[in-house]
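Coordinates from final.txt are shown below (compact mmCIF, C-alpha atoms and all ligand atoms).
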# COMPACT_ATOMS: atom_id res chain seq x y z
CA MET O 79 0.00 0.00 0.00
CA HIS O 80 2.99 2.33 0.57
CA ASP O 81 3.52 2.59 -3.17
CA ILE O 82 -0.14 3.40 -3.77
CA LEU O 83 -1.07 5.73 -0.94
CA ASP O 84 0.93 8.47 0.77
CA LEU O 85 1.06 6.70 4.12
CA ASP O 86 3.80 9.03 5.36
CA ARG O 87 1.33 11.89 5.27
CA TYR O 88 -1.77 9.79 6.03
CA PRO O 89 -0.70 6.89 8.32
CA LEU O 90 -3.74 4.64 7.85
CA ASP O 91 -1.46 1.63 8.25
CA ARG O 92 -0.70 2.57 11.89
CA PRO O 93 -4.06 2.54 13.66
CA GLY O 94 -3.90 3.83 17.21
CA SER O 95 -0.54 5.62 16.75
CA PRO O 96 -0.40 9.29 17.77
CA GLU O 97 -0.17 10.33 14.07
CA TRP O 98 -3.17 8.20 13.13
CA THR O 99 -5.15 9.55 16.07
CA ALA O 100 -4.31 13.16 15.16
CA LEU O 101 -5.44 12.58 11.57
CA VAL O 102 -8.68 10.97 12.71
CA GLU O 103 -9.31 13.91 15.02
CA ARG O 104 -8.77 16.44 12.23
CA CYS O 105 -11.16 14.55 9.94
CA ARG O 106 -13.78 14.30 12.69
CA GLN O 107 -13.69 18.04 13.24
CA GLU O 108 -14.01 18.79 9.53
CA LEU O 109 -16.91 16.37 9.22
CA ALA O 110 -18.67 18.06 12.13
CA GLN O 111 -18.06 21.57 10.80
CA GLU O 112 -18.27 21.12 7.03
CA GLY O 113 -20.01 17.77 6.52
CA MET O 114 -16.92 16.56 4.65
CA PHE O 115 -13.16 16.19 4.70
CA ASN O 116 -10.50 15.99 2.01
CA LEU O 117 -7.14 14.24 2.04
CA GLU O 118 -5.22 15.86 -0.78
CA GLY O 119 -2.56 13.68 -2.40
CA PHE O 120 -3.92 10.56 -0.70
CA MET O 121 -3.11 8.39 -3.73
CA ARG O 122 0.41 8.97 -5.03
CA PRO O 123 0.65 10.55 -8.50
CA GLU O 124 2.38 7.48 -10.01
CA ALA O 125 -0.37 5.25 -8.61
CA VAL O 126 -3.06 7.57 -10.00
CA ALA O 127 -1.44 7.24 -13.43
CA ARG O 128 -1.28 3.45 -13.07
CA ALA O 129 -4.91 3.30 -11.92
CA LEU O 130 -6.00 5.30 -14.98
CA SER O 131 -4.06 3.00 -17.29
CA GLN O 132 -5.90 0.02 -15.74
CA ILE O 133 -9.31 1.64 -15.81
CA VAL O 134 -9.64 3.84 -18.90
CA PRO O 135 -9.55 0.88 -21.34
CA VAL O 136 -12.38 -0.78 -19.39
CA LEU O 137 -14.36 2.47 -19.42
CA ASP O 138 -13.81 2.74 -23.19
CA ALA O 139 -14.83 -0.86 -23.85
CA SER O 140 -17.63 -1.59 -21.43
CA ALA O 141 -18.90 1.33 -19.37
CA PHE O 142 -22.61 1.59 -18.69
CA ARG O 143 -23.53 4.91 -20.29
CA HIS O 144 -26.03 6.24 -17.95
CA LYS O 145 -28.33 8.90 -19.37
CA ARG O 146 -31.56 9.50 -17.58
CA SER O 147 -33.94 11.86 -15.96
CA HIS O 148 -34.35 11.54 -12.18
CA ASN O 149 -35.42 13.40 -9.08
CA ILE O 150 -33.21 14.14 -6.08
CA TYR O 151 -34.32 10.88 -4.38
CA PHE O 152 -33.62 8.53 -7.31
CA ARG O 153 -37.11 7.14 -6.60
CA LYS O 154 -40.20 7.20 -8.80
CA GLU O 155 -42.48 8.28 -6.00
CA ILE O 156 -42.23 9.47 -2.42
CA PRO O 157 -45.14 8.47 -0.18
CA GLY O 158 -47.00 11.60 0.87
CA LEU O 159 -45.68 13.83 -1.93
CA SER O 160 -47.83 14.55 -4.97
CA PRO O 161 -46.05 13.80 -8.26
CA ASP O 162 -45.96 17.51 -9.17
CA HIS O 163 -44.38 18.61 -5.86
CA PRO O 164 -41.39 20.89 -6.66
CA ALA O 165 -39.11 18.66 -4.51
CA LEU O 166 -39.69 15.94 -7.16
CA ARG O 167 -38.53 18.09 -10.07
CA LEU O 168 -36.71 16.05 -12.70
CA PHE O 169 -33.12 16.65 -13.82
CA GLU O 170 -30.94 15.10 -16.53
CA THR O 171 -27.87 13.03 -15.69
CA SER O 172 -25.39 11.40 -18.03
CA ASN O 173 -22.11 9.68 -17.24
CA GLN O 174 -20.27 6.40 -17.63
CA THR O 175 -19.96 3.82 -14.88
CA ILE O 176 -17.99 0.64 -14.32
CA CYS O 177 -18.17 -1.58 -11.26
CA ALA O 178 -15.64 -3.35 -9.05
CA ASP O 179 -16.35 -6.70 -10.73
CA GLN O 180 -15.05 -5.24 -14.03
CA ILE O 181 -11.78 -3.97 -12.52
CA GLU O 182 -10.92 -6.57 -9.87
CA GLY O 183 -7.21 -6.27 -9.11
CA SER O 184 -7.05 -2.57 -10.01
CA LEU O 185 -5.59 -0.07 -7.55
CA PRO O 186 -8.84 1.66 -6.54
CA VAL O 187 -10.50 -1.68 -5.79
CA ALA O 188 -7.45 -2.75 -3.74
CA VAL O 189 -7.77 0.47 -1.73
CA TYR O 190 -11.50 -0.17 -1.22
CA ASP O 191 -10.86 -3.71 0.05
CA TRP O 192 -7.94 -2.76 2.32
CA PRO O 193 -9.22 -3.35 5.90
CA ALA O 194 -7.29 -0.34 7.25
CA MET O 195 -9.37 1.90 5.01
CA ALA O 196 -12.72 0.87 6.51
CA ALA O 197 -11.20 1.02 10.01
CA PHE O 198 -9.92 4.56 9.44
CA LEU O 199 -13.21 5.78 7.98
CA ALA O 200 -15.16 4.21 10.86
CA ALA O 201 -12.97 6.09 13.35
CA THR O 202 -13.52 9.42 11.58
CA MET O 203 -17.26 8.82 11.81
CA ASP O 204 -17.27 7.66 15.43
CA LYS O 205 -18.51 4.23 14.48
CA SER O 206 -17.25 1.00 15.99
CA ALA O 207 -16.80 -0.49 12.53
CA LEU O 208 -17.60 -0.08 8.85
CA TYR O 209 -17.84 -2.91 6.36
CA PRO O 210 -17.42 -3.22 2.61
CA MET O 211 -20.61 -4.20 0.79
CA ASP O 212 -21.29 -7.80 -0.09
CA ASP O 213 -22.05 -6.65 -3.63
CA ARG O 214 -19.23 -6.51 -6.18
CA ILE O 215 -21.37 -4.39 -8.50
CA ALA O 216 -22.38 -1.64 -6.10
CA CYS O 217 -19.49 -1.61 -3.60
CA ALA O 218 -16.98 0.41 -5.61
CA ASN O 219 -17.52 2.14 -8.94
CA VAL O 220 -15.53 4.31 -11.25
CA MET O 221 -17.44 7.05 -13.00
CA ARG O 222 -16.28 9.05 -15.99
CA TYR O 223 -17.81 12.35 -16.99
CA SER O 224 -16.92 13.45 -20.52
CA GLU O 225 -17.67 16.86 -22.03
CA GLY O 226 -21.27 17.87 -21.33
CA GLU O 227 -21.83 15.02 -18.85
CA ALA O 228 -22.91 15.57 -15.25
CA LEU O 229 -24.45 13.95 -12.21
CA ASN O 230 -27.46 15.96 -11.16
CA TRP O 231 -28.83 16.75 -7.69
CA HIS O 232 -29.31 13.71 -5.47
CA PHE O 233 -29.03 12.21 -2.01
CA ASP O 234 -27.01 9.00 -1.58
CA ARG O 235 -28.24 5.68 -0.21
CA SER O 236 -25.39 5.34 2.29
CA GLU O 237 -24.84 7.77 5.17
CA PHE O 238 -21.34 8.64 4.00
CA THR O 239 -19.79 8.42 0.57
CA THR O 240 -16.08 8.18 -0.05
CA THR O 241 -14.58 9.24 -3.37
CA LEU O 242 -11.10 9.18 -4.82
CA LEU O 243 -10.57 11.58 -7.71
CA LEU O 244 -8.40 10.03 -10.45
CA GLN O 245 -8.56 12.78 -13.06
CA ALA O 246 -9.75 16.37 -12.71
CA PRO O 247 -11.27 18.18 -15.70
CA THR O 248 -9.80 21.51 -16.80
CA LYS O 249 -13.20 23.21 -16.64
CA GLY O 250 -16.62 22.35 -15.19
CA GLY O 251 -17.21 19.08 -13.37
CA VAL O 252 -17.50 20.97 -10.09
CA PHE O 253 -18.81 19.15 -7.02
CA GLU O 254 -21.58 21.27 -5.47
CA TYR O 255 -23.23 20.41 -2.17
CA ARG O 256 -25.71 21.66 0.38
CA ASN O 257 -24.73 20.32 3.80
CA ALA O 258 -27.51 18.86 6.00
CA LEU O 259 -30.38 19.88 3.73
CA ARG O 260 -32.51 17.23 5.45
CA SER O 261 -32.11 14.91 8.43
CA ASP O 262 -33.17 11.37 9.23
CA ASP O 263 -36.12 12.87 11.14
CA ASP O 264 -37.02 15.76 8.85
CA PRO O 265 -37.23 15.40 5.04
CA ASN O 266 -37.48 19.22 4.68
CA TYR O 267 -39.35 18.99 1.36
CA LYS O 268 -39.83 22.75 1.32
CA GLY O 269 -36.11 23.39 1.70
CA VAL O 270 -35.34 20.76 -0.95
CA ALA O 271 -37.72 22.45 -3.38
CA ARG O 272 -36.20 25.85 -2.60
CA MET O 273 -32.68 24.60 -3.26
CA LEU O 274 -33.71 22.95 -6.52
CA GLN O 275 -35.14 26.30 -7.61
CA GLY O 276 -31.69 27.83 -7.03
CA GLU O 277 -32.82 29.80 -4.00
CA ASP O 278 -30.51 28.37 -1.34
CA ASP O 279 -27.42 30.45 -0.65
CA GLU O 280 -25.80 27.72 1.46
CA VAL O 281 -24.84 25.68 -1.61
CA GLN O 282 -21.05 25.34 -1.69
CA SER O 283 -18.65 24.07 -4.31
CA MET O 284 -15.45 22.10 -4.16
CA LEU O 285 -12.73 21.62 -6.76
CA ALA O 286 -10.37 18.75 -5.95
CA SER O 287 -7.11 17.66 -7.51
CA ALA O 288 -6.36 14.12 -8.72
CA GLY O 289 -5.41 11.80 -5.87
CA THR O 290 -7.69 13.50 -3.31
CA LEU O 291 -9.82 11.34 -1.03
CA ASN O 292 -13.11 12.97 -0.10
CA VAL O 293 -15.61 11.83 2.49
CA PHE O 294 -19.00 13.50 2.76
CA ARG O 295 -22.36 12.96 4.40
CA GLY O 296 -24.15 12.13 1.16
CA LYS O 297 -27.35 10.75 2.64
CA ASN O 298 -28.60 14.10 3.89
CA THR O 299 -26.28 16.44 1.99
CA ALA O 300 -27.74 17.21 -1.45
CA HIS O 301 -24.98 17.16 -4.07
CA ARG O 302 -24.30 17.23 -7.78
CA VAL O 303 -21.46 17.38 -10.30
CA THR O 304 -21.86 20.18 -12.88
CA PRO O 305 -21.30 19.40 -16.59
CA VAL O 306 -17.69 18.90 -17.62
CA GLU O 307 -16.44 21.44 -20.14
CA GLY O 308 -13.55 20.83 -22.49
CA PRO O 309 -11.70 17.70 -23.59
CA VAL O 310 -10.36 16.43 -20.23
CA ASP O 311 -12.73 13.91 -18.62
CA ARG O 312 -13.46 13.78 -14.92
CA VAL O 313 -12.73 10.27 -13.56
CA ILE O 314 -13.57 9.33 -9.98
CA ALA O 315 -13.78 6.18 -7.86
CA VAL O 316 -16.76 5.98 -5.50
CA PHE O 317 -16.64 3.70 -2.43
CA SER O 318 -19.56 2.61 -0.26
CA TYR O 319 -19.20 1.19 3.25
CA TYR O 320 -21.97 0.35 5.68
CA GLU O 321 -22.26 -0.13 9.42
CA LYS O 322 -23.54 -3.66 8.96
CA PRO O 323 -21.74 -6.40 7.07
CA GLY O 324 -23.44 -8.06 4.12
CA VAL O 325 -25.27 -5.06 2.62
CA ARG O 326 -26.40 -5.61 -0.99
CA PHE O 327 -28.43 -3.50 -3.39
CA SER O 328 -31.69 -4.96 -4.66
CA ASP O 329 -31.79 -6.16 -8.28
CA GLU O 330 -33.92 -3.14 -9.07
CA GLU O 331 -31.36 -0.73 -7.59
CA ARG O 332 -28.51 -2.44 -9.45
CA ILE O 333 -30.38 -2.22 -12.74
CA GLY O 334 -31.23 1.43 -12.05
CA PHE O 335 -27.67 2.45 -11.25
CA TYR O 336 -25.57 0.07 -13.33
CA GLY O 337 -27.84 -1.30 -16.05
CA ARG O 338 -27.56 -4.91 -14.86
CA ALA O 339 -28.50 -7.04 -11.87
CA ALA O 340 -25.57 -9.50 -12.06
O1 LIG S 1 -18.57 12.26 -8.80
C1 LIG S 1 -18.66 12.68 -7.64
O2 LIG S 1 -17.84 13.48 -7.15
C2 LIG S 1 -19.80 12.30 -6.76
C3 LIG S 1 -20.32 10.95 -7.02
C4 LIG S 1 -21.60 10.74 -6.30
O3 LIG S 1 -22.17 11.65 -5.76
C5 LIG S 1 -22.22 9.41 -6.24
O4 LIG S 1 -21.72 8.48 -6.88
O5 LIG S 1 -23.24 9.25 -5.55
FE FE S 2 -23.75 10.94 -4.55

With the file now loaded, output its structure as structure tokens.
Amino acid sequence: MHDILDLDRYPLDRPGSPEWTALVERCRQELAQEGMFNLEGFMRPEAVARALSQIVPVLDASAFRHKRSHNIYFRKEIPGLSPDHPALRLFETSNQTICADQIEGSLPVAVYDWPAMAAFLAATMDKSALYPMDDRIACANVMRYSEGEALNWHFDRSEFTTTLLLQAPTKGGVFEYRNALRSDDDPNYKGVARMLQGEDDEVQSMLASAGTLNVFRGKNTAHRVTPVEGPVDRVIAVFSYYEKPGVRFSDEERIGFYGRAA
């Protein structure tokens, strides 16, 4: 892992050491204050280049090109909301996705499966443990956004989402987010509708560099990626961990997100 990740700067391999504890503490504070944290240069530049050389050919040959119209919930209906409620406004999304089962043995998948990764993330989130999914389609994905492609406003299924940026575009492809727009107890449909109408001044944006690990509270933080402009694609690995072992998506969710159930 030393060749892949900058473990001198981010000592994930030394759980419980003073350096590890200090890093966890910093991440905890940022999560509490900002709803996210970033570890810049987490994957070494040579490893990022190697990861891209493993992954881009698979994206070219067999990515699921995902073009669709969806609401912020990625669900057809929400009990209690009429279909024309402004919180259910539809947006267009288009990007390309491959799944862990198509890139087994690649560097991002090795990072996802590394037990020290889940242990570190659990500590930053004050959880006793986090587990990889028991679903080699949904557990780790790589998404590519080419010119004009985007991922529109949504909430995630998992409480936290972890991403590793492999290639940053020269223009566009900005990650925008609205921290804590809803909570587990309050869906805040009015606030959701207001934000979707562009009337929420707490929307923030983040531009990361390749190799950056980002963790954010995606379940209740609305977020999107704006359309990429220009010839350089945005390429990002997305990791999902859960508090319980054995989590799998339903066939319907897998078909919705990845175009196949198995
Ligand atoms: O591409 C990104 O930065 C975000 C990805 C994301 O939000 C997701 O996969 O749910
Ligand atoms: Fe997301």

(message) 8 Å from ligand LIG 1 (chain S) is the threshold here; counting only C-alpha atoms and all ligand atoms, which polymer residues fall inside it? Answer as JSON, numbers by chain.
(response) {"O": [219, 221, 229, 232, 233, 234, 239, 241, 243, 253, 296, 301, 302, 303, 313, 314, 315, 316]}

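The shell of residues at most 6 Å from stretch 197-214 of chain O, with only C-alpha atoms counted and near chain neighbours (fewer than 3 positions) removed, consists of Val102, Cys105, Arg106, Ala178, Asp179, Ala194, Cys217, Tyr319, Tyr320, Glu321, Pro323, Gly324, Val325 and Arg326 of chain O.
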
(message) List as a VMD selection string the protein and nucleic acid residues near O:Phe238, meaning an atom at most 7 Å away when all atoms listed in the file are counted, but skip any in the same chain fewer than 5 places from it.
(response) chain O and resid 293 to 297

(request) Pick out the closest residue to O:Val306 from this set: O:Asp191, O:Glu108, O:Glu227, O:Glu277. Count all atoms listed in the file. (result) O:Glu227

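The two atoms in question, atom CA of O:Ile150 and atom CA of O:Arg235, are spaced 11.4 Å apart.
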
(message) So, with all atoms listed in the file as the atoms that count, which of O:Phe169, O:Tyr151, O:Tyr223, O:Trp98 lies closest to ligand FE 2 (chain S)?
(response)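 Checking each of O:Phe169, O:Tyr151, O:Tyr223, O:Trp98 against ligand FE 2 (chain S), counting all atoms listed in the file, the winner is O:Tyr151.
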
Identify, on the basis of all atoms listed in the file, every residue whose closest approach to O:Gly337 does not exceed 12 Å; exclude the query and any residue fewer than 3 positions from it along the same chain; express the result as an mmCIF file with C-alpha atoms, in the frame of the given file.
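Final output, saved to out_10.cif:
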data_model
loop_
_atom_site.group_PDB
_atom_site.id
_atom_site.type_symbol
_atom_site.label_atom_id
_atom_site.label_comp_id
_atom_site.auth_asym_id
_atom_site.auth_seq_id
_atom_site.Cartn_x
_atom_site.Cartn_y
_atom_site.Cartn_z
ATOM 1 C CA SER O 140 -17.630 -1.590 -21.430
ATOM 2 C CA ALA O 141 -18.900 1.330 -19.370
ATOM 3 C CA PHE O 142 -22.610 1.590 -18.690
ATOM 4 C CA ARG O 143 -23.530 4.910 -20.290
ATOM 5 C CA HIS O 144 -26.030 6.240 -17.950
ATOM 6 C CA LYS O 145 -28.330 8.900 -19.370
ATOM 7 C CA ARG O 146 -31.560 9.500 -17.580
ATOM 8 C CA GLN O 174 -20.270 6.400 -17.630
ATOM 9 C CA THR O 175 -19.960 3.820 -14.880
ATOM 10 C CA ILE O 176 -17.990 0.640 -14.320
ATOM 11 C CA CYS O 177 -18.170 -1.580 -11.260
ATOM 12 C CA ILE O 215 -21.370 -4.390 -8.500
ATOM 13 C CA ALA O 216 -22.380 -1.640 -6.100
ATOM 14 C CA ASP O 329 -31.790 -6.160 -8.280
ATOM 15 C CA GLU O 330 -33.920 -3.140 -9.070
ATOM 16 C CA GLU O 331 -31.360 -0.730 -7.590
ATOM 17 C CA ARG O 332 -28.510 -2.440 -9.450
ATOM 18 C CA ILE O 333 -30.380 -2.220 -12.740
ATOM 19 C CA GLY O 334 -31.230 1.430 -12.050
ATOM 20 C CA ALA O 340 -25.570 -9.500 -12.060
#

(message) Report, in Å to a single decimal, how far apart atom CA of O:Asn292 and atom CA of O:Met114 are.
(response)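 Value for the atom CA of O:Met114-atom CA of O:Asn292 distance: 7.1 Å.
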
(message) For stretch 259-267 of chain O, find every residue with an atom within 6 Å (counting all atoms listed in the file), except residues of its own chain fewer than 4 positions away, and show them as a list of chain:residue names.
(response)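 Within the cut-off, the hits are O:Ala165, O:Asn298, O:Thr299.
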
Residues of the last selection are to be written out with C-alpha atoms, as a PDB file, keeping the file's coordinate frame.
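This went into part_29.pdb:
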ATOM      1  CA  ALA O 165     -39.110  18.660  -4.510  1.00  0.00           C
ATOM      2  CA  ASN O 298     -28.600  14.100   3.890  1.00  0.00           C
ATOM      3  CA  THR O 299     -26.280  16.440   1.990  1.00  0.00           C
TER       4      THR O 299
END

(request) Rank nothing, just name the residue among O:Met195, O:Ile156, O:Ala188, O:Val252 nearest to O:Asp91, using only C-alpha atoms. (result)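 Between O:Met195, O:Ile156, O:Ala188, O:Val252, the residue approaching O:Asp91 most closely is O:Met195.
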
(request) Work out how far atom CA of O:Pro186 is from atom CA of O:Val220, in Å to one decimal. (result) 8.6 Å

(request) Considering all atoms listed in the file, state which residue in the set O:Phe335, O:Phe115, O:Phe120, O:Trp231 is at the smallest distance from ligand FE 2 (chain S). (result)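 Counting all atoms listed in the file, the residue closest to ligand FE 2 (chain S) is O:Trp231.
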
(request) Would you mind telling me which residue in O:Thr304, O:Ser224, O:Ser328, O:Ser236 lies nearest to ligand FE 2 (chain S) when using all atoms listed in the file? (result)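 Checking each of O:Thr304, O:Ser224, O:Ser328, O:Ser236 against ligand FE 2 (chain S), counting all atoms listed in the file, the winner is O:Ser236.
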
(request) Compare O:Ala139, O:Ala300, O:Ile181, O:Ala271 by their minimum atom-to-atom distance to ligand FE 2 (chain S), counting all atoms listed in the file, and give me the closest one. (result)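 When distances to ligand FE 2 (chain S) are compared using all atoms listed in the file, the smallest one comes from O:Ala300.
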